[in-house]
$ cat input-v7.csv   # CSV, C-alpha atoms
chain,number,residue,atom,x,y,z
A,43,MET,CA,0.0,0.0,0.0
A,44,LYS,CA,2.3,2.7,-1.3
A,45,PRO,CA,1.2,6.2,-0.3
A,46,SER,CA,-0.7,7.7,-3.2
A,47,PHE,CA,-0.9,11.3,-4.3
A,48,GLU,CA,-4.5,12.6,-3.8
A,49,GLN,CA,-5.8,15.3,-6.2
A,50,ILE,CA,-8.0,17.6,-4.2
A,51,THR,CA,-10.8,19.3,-6.2
A,52,THR,CA,-12.2,22.5,-4.9
A,53,GLY,CA,-14.0,23.7,-8.0
A,54,ILE,CA,-13.5,27.0,-9.7
A,55,GLU,CA,-15.9,28.8,-7.3
A,56,ASN,CA,-14.1,27.7,-4.1
A,57,SER,CA,-10.6,28.4,-2.7
A,58,PHE,CA,-10.7,25.4,-0.3
A,59,SER,CA,-12.9,22.3,0.3
A,60,VAL,CA,-15.2,21.3,3.2
A,61,VAL,CA,-16.4,17.8,2.9
A,62,GLU,CA,-18.7,15.7,5.0
A,63,LEU,CA,-17.9,11.9,4.9
A,64,ASN,CA,-20.6,9.3,5.8
A,65,LEU,CA,-19.2,5.9,5.0
A,66,HIS,CA,-19.4,2.3,6.1
A,67,ARG,CA,-15.8,2.5,7.3
A,68,PHE,CA,-12.7,4.4,6.7
A,69,ASP,CA,-10.3,2.4,4.6
A,70,GLY,CA,-8.8,4.9,2.2
A,71,PRO,CA,-5.2,4.4,1.1
A,72,TYR,CA,-2.1,5.9,2.8
A,73,HIS,CA,-1.9,9.1,0.8
A,74,PHE,CA,-0.6,12.6,0.7
A,75,HIS,CA,-1.4,15.9,-1.0
A,76,PRO,CA,-0.1,19.5,-1.0
A,77,GLU,CA,-3.2,20.8,0.9
A,78,ILE,CA,-3.1,21.3,4.6
A,79,GLU,CA,-5.9,19.2,6.2
A,80,LEU,CA,-8.1,19.6,9.3
A,81,THR,CA,-9.9,16.3,10.0
A,82,TRP,CA,-12.6,15.9,12.6
A,83,ILE,CA,-13.8,12.3,13.2
A,84,ARG,CA,-17.4,12.5,14.2
A,85,ASN,CA,-17.9,8.7,14.6
A,86,SER,CA,-15.5,5.7,14.1
A,87,LEU,CA,-12.8,3.7,15.9
A,88,GLY,CA,-9.6,2.6,14.5
A,89,LYS,CA,-6.0,3.6,13.8
A,90,ARG,CA,-4.6,6.8,12.6
A,91,PHE,CA,-1.4,6.8,10.5
A,92,VAL,CA,0.5,10.0,10.2
A,93,GLY,CA,4.0,10.0,8.8
A,94,VAL,CA,5.9,7.5,11.0
A,95,ASN,CA,3.3,7.6,13.8
A,96,ILE,CA,0.6,5.0,14.5
A,97,ALA,CA,-2.0,5.7,17.1
A,98,ASP,CA,-5.6,4.8,18.1
A,99,TYR,CA,-8.4,7.2,17.2
A,100,GLU,CA,-11.9,7.5,18.5
A,101,PRO,CA,-14.9,9.8,17.9
A,102,GLY,CA,-13.9,13.4,18.4
A,103,ASP,CA,-10.4,13.0,17.0
A,104,LEU,CA,-9.3,16.4,15.7
A,105,VAL,CA,-6.1,16.7,13.8
A,106,LEU,CA,-4.3,19.4,11.7
A,107,LEU,CA,-1.9,18.0,9.1
A,108,GLY,CA,0.6,20.0,7.2
A,109,ALA,CA,1.2,19.7,3.4
A,110,ASN,CA,2.4,16.4,1.9
A,111,ILE,CA,2.4,14.3,5.1
A,112,PRO,CA,1.3,10.7,4.2
A,113,HIS,CA,-1.7,9.8,6.3
A,114,CYS,CA,-4.8,7.7,6.6
A,115,TRP,CA,-7.5,6.6,9.1
A,116,GLN,CA,-8.3,2.9,9.1
A,117,SER,CA,-11.6,1.9,10.8
A,118,MET,CA,-12.1,-1.2,12.8
A,119,ASN,CA,-14.8,-3.4,11.2
A,120,GLU,CA,-17.9,-1.3,11.5
A,121,SER,CA,-21.1,-3.1,12.2
A,122,SER,CA,-23.6,-0.8,10.5
A,123,PRO,CA,-23.9,1.4,7.4
A,124,TYR,CA,-22.6,5.0,7.7
A,125,ASN,CA,-20.9,4.3,11.0
A,126,ALA,CA,-17.8,6.2,9.9
A,127,GLN,CA,-18.4,10.0,9.8
A,128,ALA,CA,-16.0,12.9,9.5
A,129,VAL,CA,-15.7,16.4,8.3
A,130,VAL,CA,-12.5,17.3,6.4
A,131,ILE,CA,-11.3,20.8,5.5
A,132,GLN,CA,-8.5,21.0,3.0
A,133,PHE,CA,-6.7,24.2,1.9
A,134,ARG,CA,-3.4,25.3,0.5
A,135,SER,CA,-1.2,27.7,2.3
A,136,ASP,CA,-1.8,30.2,-0.5
A,137,PHE,CA,-5.6,29.7,-0.7
A,138,ALA,CA,-6.1,33.5,0.0
A,139,GLY,CA,-3.1,34.6,-2.1
A,140,ASP,CA,0.7,34.2,-1.9
A,141,THR,CA,1.2,36.9,0.7
A,142,PHE,CA,-2.0,36.7,2.9
A,143,LEU,CA,-0.7,34.3,5.6
A,144,LYS,CA,2.6,36.2,5.6
A,145,LEU,CA,0.9,39.3,7.0
A,146,PRO,CA,2.5,40.2,10.4
A,147,GLU,CA,-1.0,40.0,12.0
A,148,LEU,CA,-1.1,36.3,11.1
A,149,LYS,CA,2.4,35.4,12.4
A,150,LYS,CA,1.0,32.9,14.9
A,151,ILE,CA,-1.1,31.2,12.3
A,152,GLN,CA,2.1,30.9,10.1
A,153,GLU,CA,3.9,29.3,13.0
A,154,SER,CA,1.0,26.9,13.7
A,155,ILE,CA,0.9,25.8,10.1
A,156,LEU,CA,4.7,25.2,10.3
A,157,LYS,CA,4.2,23.1,13.4
A,158,SER,CA,1.5,21.1,11.7
A,159,GLU,CA,4.2,19.6,9.4
A,160,ALA,CA,4.7,17.2,12.3
A,161,GLY,CA,0.9,16.7,12.6
A,162,MET,CA,-1.0,18.3,15.5
A,163,ILE,CA,-3.8,17.0,17.7
A,164,ILE,CA,-6.2,19.6,19.1
A,165,GLN,CA,-7.6,18.9,22.5
A,166,GLY,CA,-9.6,20.3,25.4
A,167,GLU,CA,-11.7,23.4,25.2
A,168,THR,CA,-10.0,24.4,22.0
A,169,LYS,CA,-11.3,21.3,20.4
A,170,SER,CA,-14.9,22.1,21.4
A,171,LYS,CA,-14.5,25.6,20.0
A,172,VAL,CA,-13.0,24.4,16.7
A,173,ILE,CA,-15.7,21.8,16.3
A,174,SER,CA,-18.4,24.4,16.8
A,175,LYS,CA,-16.7,26.5,14.1
A,176,ILE,CA,-16.5,23.5,11.7
A,177,ASN,CA,-20.3,23.0,12.1
A,178,GLN,CA,-20.8,26.6,11.3
A,179,CYS,CA,-18.6,26.2,8.2
A,180,LEU,CA,-20.8,23.4,6.9
A,181,THR,CA,-23.8,25.8,6.5
A,182,ALA,CA,-22.1,29.1,5.9
A,183,ASP,CA,-22.0,30.9,2.6
A,184,LYS,CA,-18.7,31.2,0.7
A,185,LEU,CA,-17.5,34.4,2.1
A,186,HIS,CA,-18.2,33.4,5.7
A,187,ARG,CA,-16.5,30.1,5.2
A,188,ILE,CA,-13.3,31.9,4.6
A,189,LEU,CA,-13.7,34.0,7.7
A,190,ILE,CA,-14.6,30.9,9.8
A,191,LEU,CA,-11.5,29.1,8.5
A,192,ILE,CA,-9.3,32.1,9.6
A,193,GLU,CA,-11.1,31.9,13.0
A,194,ILE,CA,-10.4,28.2,13.3
A,195,LEU,CA,-6.7,28.7,12.5
A,196,ASP,CA,-6.5,31.6,15.0
A,197,LEU,CA,-8.0,29.4,17.7
A,198,ILE,CA,-5.5,26.7,17.1
A,199,SER,CA,-2.5,29.0,16.9
A,200,ASN,CA,-3.4,30.7,20.2
A,201,SER,CA,-4.1,27.5,22.1
A,202,GLU,CA,-1.9,25.6,24.5
A,203,GLU,CA,-4.1,22.5,24.1
A,204,THR,CA,-2.3,21.1,21.1
A,205,LYS,CA,0.1,18.2,20.9
A,206,LEU,CA,2.5,17.3,18.0
A,207,ILE,CA,1.9,13.8,16.7
A,208,ASP,CA,5.5,13.2,15.7
A,209,GLN,CA,8.7,14.8,16.7
A,210,PRO,CA,9.3,17.9,14.6
A,211,LEU,CA,10.9,17.4,11.2
A,212,THR,CA,11.1,13.6,11.5
A,213,TRP,CA,8.9,13.0,8.5
A,214,HIS,CA,10.5,15.8,6.5
A,215,ASN,CA,14.0,14.6,7.2
A,216,THR,CA,12.8,11.2,5.9
A,217,LEU,CA,11.4,12.9,2.8
A,218,SER,CA,14.7,14.6,2.0
A,219,ALA,CA,16.7,11.4,2.7
A,220,ASN,CA,14.7,8.9,0.7
A,221,ALA,CA,11.0,9.3,0.6
A,222,ASP,CA,10.0,6.5,-1.8
A,223,ARG,CA,12.0,3.9,0.2
A,224,PHE,CA,10.4,4.7,3.5
A,225,GLN,CA,6.9,5.1,2.1
A,226,ASN,CA,7.1,1.6,0.6
A,227,ILE,CA,8.3,0.1,3.9
A,228,PHE,CA,5.7,1.9,6.0
A,229,SER,CA,2.9,1.1,3.6
A,230,TYR,CA,3.8,-2.5,3.7
A,231,LEU,CA,3.8,-2.6,7.5
A,232,ILE,CA,0.4,-0.9,7.7
A,233,LYS,CA,-1.1,-3.5,5.3
A,234,ASN,CA,0.5,-6.6,6.7
A,235,TYR,CA,1.3,-6.1,10.4
A,236,GLN,CA,-1.3,-8.8,11.3
A,237,GLN,CA,0.5,-11.3,9.2
A,238,ASN,CA,3.9,-12.9,9.5
A,239,ILE,CA,6.5,-10.3,8.4
A,240,SER,CA,10.1,-11.3,7.8
A,241,LEU,CA,13.1,-9.0,8.0
A,242,LYS,CA,14.3,-10.4,4.6
A,243,THR,CA,11.0,-9.4,2.9
A,244,VAL,CA,11.0,-5.9,4.3
A,245,ALA,CA,14.6,-5.3,3.6
A,246,GLY,CA,14.0,-6.5,0.0
A,247,ILE,CA,11.2,-3.9,-0.3
A,248,ALA,CA,13.7,-1.3,0.7
A,249,ASN,CA,16.3,-2.8,-1.7
A,250,MET,CA,18.8,-3.1,1.2
A,251,THR,CA,20.6,-5.9,3.0
A,252,PRO,CA,19.0,-6.9,6.3
A,253,ASN,CA,21.9,-5.3,8.3
A,254,ALA,CA,21.7,-2.0,6.4
A,255,PHE,CA,17.9,-2.0,6.6
A,256,CYS,CA,18.0,-2.4,10.4
A,257,ARG,CA,20.3,0.6,10.8
A,258,TYR,CA,18.2,2.6,8.4
A,259,PHE,CA,14.9,1.8,10.0
A,260,LYS,CA,16.1,2.5,13.6
A,261,ASN,CA,17.6,5.8,12.5
A,262,VAL,CA,14.3,6.9,10.9
A,263,THR,CA,11.7,5.6,13.4
A,264,ARG,CA,13.8,5.4,16.6
A,265,LYS,CA,12.6,1.8,16.9
A,266,THR,CA,13.6,-1.6,15.6
A,267,LEU,CA,11.4,-3.4,13.1
A,268,VAL,CA,10.3,-5.9,15.7
A,269,GLU,CA,9.4,-3.2,18.2
A,270,SER,CA,7.3,-1.3,15.5
A,271,ILE,CA,5.4,-4.5,14.5
A,272,ARG,CA,4.8,-5.4,18.1
A,273,GLU,CA,3.5,-1.9,18.8
A,274,LEU,CA,1.1,-2.1,15.9
A,275,ARG,CA,-0.2,-5.5,17.2
A,276,ILE,CA,-0.5,-4.3,20.8
A,277,ASN,CA,-2.4,-1.3,19.7
A,278,GLN,CA,-4.8,-3.5,17.7
A,279,ALA,CA,-5.2,-5.8,20.7
A,280,CYS,CA,-6.0,-2.8,23.0
A,281,GLN,CA,-8.7,-1.6,20.7
A,282,LEU,CA,-10.3,-5.0,20.5
A,283,LEU,CA,-10.2,-5.4,24.3
A,284,ARG,CA,-11.8,-2.0,24.8
A,285,ASN,CA,-14.4,-2.2,22.1
A,286,THR,CA,-15.4,-5.8,21.7
A,287,SER,CA,-16.2,-8.8,23.9
A,288,LYS,CA,-14.1,-11.2,21.8
A,289,PRO,CA,-12.2,-14.0,23.7
A,290,ILE,CA,-8.6,-13.3,24.5
A,291,ASN,CA,-7.5,-16.2,22.3
A,292,ASP,CA,-9.3,-14.7,19.3
A,293,ILE,CA,-7.8,-11.2,20.0
A,294,CYS,CA,-4.3,-12.7,20.2
A,295,PHE,CA,-4.4,-14.2,16.7
A,296,GLU,CA,-6.5,-11.4,15.2
A,297,SER,CA,-3.8,-8.9,16.3
A,298,GLY,CA,-1.0,-10.9,14.6
A,299,PHE,CA,0.5,-12.8,17.6
A,300,GLY,CA,1.5,-16.4,16.9
A,301,ASN,CA,0.7,-17.9,20.3
A,302,LEU,CA,-1.2,-16.9,23.5
A,303,SER,CA,1.7,-17.2,26.0
A,304,TYR,CA,3.8,-14.7,24.0
A,305,PHE,CA,0.9,-12.4,23.5
A,306,ASN,CA,0.2,-12.3,27.2
A,307,LYS,CA,3.8,-11.6,28.0
A,308,ALA,CA,4.2,-8.9,25.3
A,309,PHE,CA,1.0,-7.2,26.3
A,310,LYS,CA,1.9,-7.0,29.9
A,311,GLU,CA,5.3,-5.6,29.2
A,312,ALA,CA,3.8,-2.9,27.0
A,313,THR,CA,0.8,-1.9,29.1
A,314,GLY,CA,1.5,-3.1,32.6
A,315,TYR,CA,-1.6,-5.3,32.6
A,316,ALA,CA,-2.5,-8.8,31.5
A,317,PRO,CA,-5.2,-8.6,28.7
A,318,LEU,CA,-8.1,-9.5,31.0
A,319,GLN,CA,-6.9,-7.0,33.6
A,320,TYR,CA,-6.6,-4.3,30.9
A,321,ARG,CA,-10.2,-4.9,29.7
A,322,PHE,CA,-11.5,-4.8,33.3
A,323,PHE,CA,-9.5,-1.7,34.1
A,324,PHE,CA,-10.8,0.1,31.0
A,325,LYS,CA,-14.4,-0.7,31.8
A,326,LEU,CA,-14.0,0.6,35.4
A,327,LYS,CA,-12.3,3.8,34.2
A,328,TYR,CA,-14.9,4.6,31.6
$ encode --input "input-v7.csv" --output "structure tokens"
Amino acid sequence: MKPSFEQITTGIENSFSVVELNLHRFDGPYHFHPEIELTWIRNSLGKRFVGVNIADYEPGDLVLLGANIPHCWQSMNESSPYNAQAVVIQFRSDFAGDTFLKLPELKKIQESILKSEAGMIIQGETKSKVISKINQCLTADKLHRILILIEILDLISNSEETKLIDQPLTWHNTLSANADRFQNIFSYLIKNYQQNISLKTVAGIANMTPNAFCRYFKNVTRKTLVESIRELRINQACQLLRNTSKPINDICFESGFGNLSYFNKAFKEATGYAPLQYRFFFKLKY
């Protein structure tokens, strides 16, 4: 699943796009585009892939992504039609002209957009305010949509309730080093982490020897290949434990682990809980 370039169409009468998504599930490809993107997940559970970062997402997930960051949201198996809902706003940095965002009055917005090159999660009261503005944007006329977008960016840029998804510049350093190589590797892991993955196969995708690949992968992701695959599988298991009543044995194999004893050991090392303890603790907490 190599990241694909996505052509964003705004139409000749619009300078940016505001799209409501109502789908059975989110399963779009790992992709990128030159537009900056603000995504609000109204409803869905699954995994969010941004650059080299993999994390769970839930309803309410609100993320600002800079230009050309490969990303996708992958739903868990949804049980009913139109269970995956989102609103996506996409715009280029020059949507209001080459110099508009360079105005001194918009310096904080410029800085916020620069930070979003690492991906940015919006949280707390700021998230509530931004979501309210997004809802207004859905019904506003064309002129007011532009004003609302500036208000949204202003809210984000003045907030202390934001968190970077990845370490700054990690993805862009990767792009300058060898984008195609890393994109091929990461896309393969996203697609196949629940299956058996061999070092030889992944190194072959990178067109590298196994030893050279291990050094390269650790340098880019700050993790070994085994650690990254295990993290993907543990995250999958956590989601299944929280959101389903499936037996532990089924979750073990569905998450990509080869045997139950290793799954139990790896899960406890990663979370501090045995799988059943984790499920019980989560239900008590929420």
$ closest_atom_pairs --input "input-v7.csv" --of "stretch 66-157 of chain A" --to "stretch 278-285 of chain A" --cutoff "9 Å" --atoms "all atoms listed in the file" --output "Markdown table"
| residue | atom | partner | partner_atom | distance |
| --- | --- | --- | --- | --- |
| A:Leu87 | CA | A:Gln281 | CA | 8.2 |
| A:Gly88 | CA | A:Gln281 | CA | 7.5 |
| A:Lys89 | CA | A:Gln278 | CA | 8.2 |
| A:Asp98 | CA | A:Gln281 | CA | 7.6 |
| A:Met118 | CA | A:Gln281 | CA | 8.6 |
$ closest_atom_pairs --input "input-v7.csv" --of "stretch 255-279 of chain A" --to "stretch 300-306 of chain A" --cutoff "12 Å" --atoms "all atoms listed in the file" --output "CSV"
residue,atom,partner,partner_atom,distance
A:Arg272,CA,A:Phe305,CA,9.7
A:Glu273,CA,A:Phe305,CA,11.8
A:Arg275,CA,A:Phe305,CA,9.4
A:Ile276,CA,A:Phe305,CA,8.7
A:Ala279,CA,A:Phe305,CA,9.4
$ closest_residue --input "input-v7.csv" --among "A:Asn291, A:Ser297, A:Ser135, A:Gln236" --to "A:Ser158" --atoms "all atoms listed in the file"
A:Ser135
$ closest_atom_pairs --input "input-v7.csv" --of "stretch 117-234 of chain A" --to "stretch 100-111 of chain A" --cutoff "8 Å" --atoms "all atoms listed in the file" --output "Markdown table"
| residue | atom | partner | partner_atom | distance |
| --- | --- | --- | --- | --- |
| A:Arg134 | CA | A:Ala109 | CA | 7.8 |
| A:Ile155 | CA | A:Gly108 | CA | 6.5 |
| A:Leu156 | CA | A:Gly108 | CA | 7.3 |
| A:Lys157 | CA | A:Gly108 | CA | 7.8 |
| A:Ser158 | CA | A:Gly108 | CA | 4.7 |
| A:Glu159 | CA | A:Gly108 | CA | 4.2 |
| A:Ala160 | CA | A:Gly108 | CA | 7.1 |
| A:Gly161 | CA | A:Leu107 | CA | 4.7 |
| A:Met162 | CA | A:Leu106 | CA | 5.2 |
| A:Ile163 | CA | A:Val105 | CA | 4.5 |
| A:Ile164 | CA | A:Leu104 | CA | 5.6 |
| A:Gln165 | CA | A:Leu104 | CA | 7.4 |
| A:Lys169 | CA | A:Leu104 | CA | 7.1 |
| A:Trp213 | CA | A:Ile111 | CA | 7.4 |
$ closest_residue --input "input-v7.csv" --among "A:Cys294, A:Leu185, A:Ala245, A:Leu274" --to "A:Ile232" --atoms "only C-alpha atoms"
A:Leu274
$ residues_around --input "input-v7.csv" --residues "A:Gln116" --least-positions-apart "5" --cutoff "9 Å" --atoms "all atoms listed in the file" --output "PyMOL selection string"
chain A and resi 67-71+87-91
$ write_last_selection --input "input-v7.csv" --atoms "C-alpha atoms" --output "mmCIF file, keeping the file's coordinate frame"
data_model
loop_
_atom_site.group_PDB
_atom_site.id
_atom_site.type_symbol
_atom_site.label_atom_id
_atom_site.label_comp_id
_atom_site.auth_asym_id
_atom_site.auth_seq_id
_atom_site.Cartn_x
_atom_site.Cartn_y
_atom_site.Cartn_z
ATOM 1 C CA ARG A 67 -15.800 2.500 7.300
ATOM 2 C CA PHE A 68 -12.700 4.400 6.700
ATOM 3 C CA ASP A 69 -10.300 2.400 4.600
ATOM 4 C CA GLY A 70 -8.800 4.900 2.200
ATOM 5 C CA PRO A 71 -5.200 4.400 1.100
ATOM 6 C CA LEU A 87 -12.800 3.700 15.900
ATOM 7 C CA GLY A 88 -9.600 2.600 14.500
ATOM 8 C CA LYS A 89 -6.000 3.600 13.800
ATOM 9 C CA ARG A 90 -4.600 6.800 12.600
ATOM 10 C CA PHE A 91 -1.400 6.800 10.500
#
$ atom_distance --input "input-v7.csv" --atom1 "atom CA of A:Ser59" --atom2 "atom CA of A:Val130"
7.9 Å
$ residues_around --input "input-v7.csv" --residues "A:Ser154" --least-positions-apart "6" --cutoff "10 Å" --atoms "all atoms listed in the file" --output "list in words"
Leu106, Gly108, Leu148, Met162, Leu195, Asp196, Ile198, Ser199, Asn200, Ser201 and Thr204 of chain A
$ atom_distance --input "input-v7.csv" --atom1 "atom CA of A:Asp208" --atom2 "atom CA of A:Gln127"
24.8 Å
$ closest_residue --input "input-v7.csv" --among "A:Thr181, A:Gln225, A:Thr141, A:Leu65" --to "A:Phe259" --atoms "only C-alpha atoms"
A:Gln225
$ atom_distance --input "input-v7.csv" --atom1 "atom CA of A:Met250" --atom2 "atom CA of A:Val94"
19.4 Å
$ residues_around --input "input-v7.csv" --residues "A:Arg321" --least-positions-apart "2" --cutoff "12 Å" --atoms "all atoms listed in the file" --output "list in words"
Ala279, Cys280, Gln281, Leu282, Leu283, Arg284, Asn285, Thr286, Ser287, Lys288, Pro289, Ile290, Ile293, Phe309, Thr313, Tyr315, Ala316, Pro317, Leu318, Gln319, Phe323, Phe324, Lys325, Leu326, Lys327 and Tyr328 of chain A
$ closest_residue --input "input-v7.csv" --among "A:His73, A:Phe224, A:Gly166, A:Ile192" --to "A:Asn261" --atoms "all atoms listed in the file"
A:Phe224
$ residues_near_point --input "input-v7.csv" --point "(-18.0, 13.4, 2.4)" --cutoff "9 Å" --atoms "only C-alpha atoms" --output "PDB file with C-alpha atoms, in the coordinates of the input"
ATOM      1  CA  VAL A  60     -15.200  21.300   3.200  1.00  0.00           C
ATOM      2  CA  VAL A  61     -16.400  17.800   2.900  1.00  0.00           C
ATOM      3  CA  GLU A  62     -18.700  15.700   5.000  1.00  0.00           C
ATOM      4  CA  LEU A  63     -17.900  11.900   4.900  1.00  0.00           C
ATOM      5  CA  ASN A  64     -20.600   9.300   5.800  1.00  0.00           C
ATOM      6  CA  LEU A  65     -19.200   5.900   5.000  1.00  0.00           C
ATOM      7  CA  GLN A 127     -18.400  10.000   9.800  1.00  0.00           C
ATOM      8  CA  ALA A 128     -16.000  12.900   9.500  1.00  0.00           C
ATOM      9  CA  VAL A 129     -15.700  16.400   8.300  1.00  0.00           C
ATOM     10  CA  VAL A 130     -12.500  17.300   6.400  1.00  0.00           C
TER      11      VAL A 130
END
$ closest_residue --input "input-v7.csv" --among "A:Leu267, A:Ile131, A:Leu231, A:Ile173" --to "A:Leu197" --atoms "all atoms listed in the file"
A:Ile173
$ residues_around --input "input-v7.csv" --residues "stretch 186-191 of chain A" --least-positions-apart "4" --cutoff "8 Å" --atoms "all atoms listed in the file" --output "compact mmCIF listing (two decimals) with C-alpha atoms, in the frame of the given file"
# COMPACT_ATOMS: atom_id res chain seq x y z
CA LYS A 175 -16.70 26.50 14.10
CA ILE A 176 -16.50 23.50 11.70
CA GLN A 178 -20.80 26.60 11.30
CA CYS A 179 -18.60 26.20 8.20
CA ALA A 182 -22.10 29.10 5.90
CA LEU A 195 -6.70 28.70 12.50
$ closest_residue --input "input-v7.csv" --among "A:Ala126, A:Ser117, A:Phe137, A:Glu269" --to "A:Glu311" --atoms "all atoms listed in the file"
A:Glu269
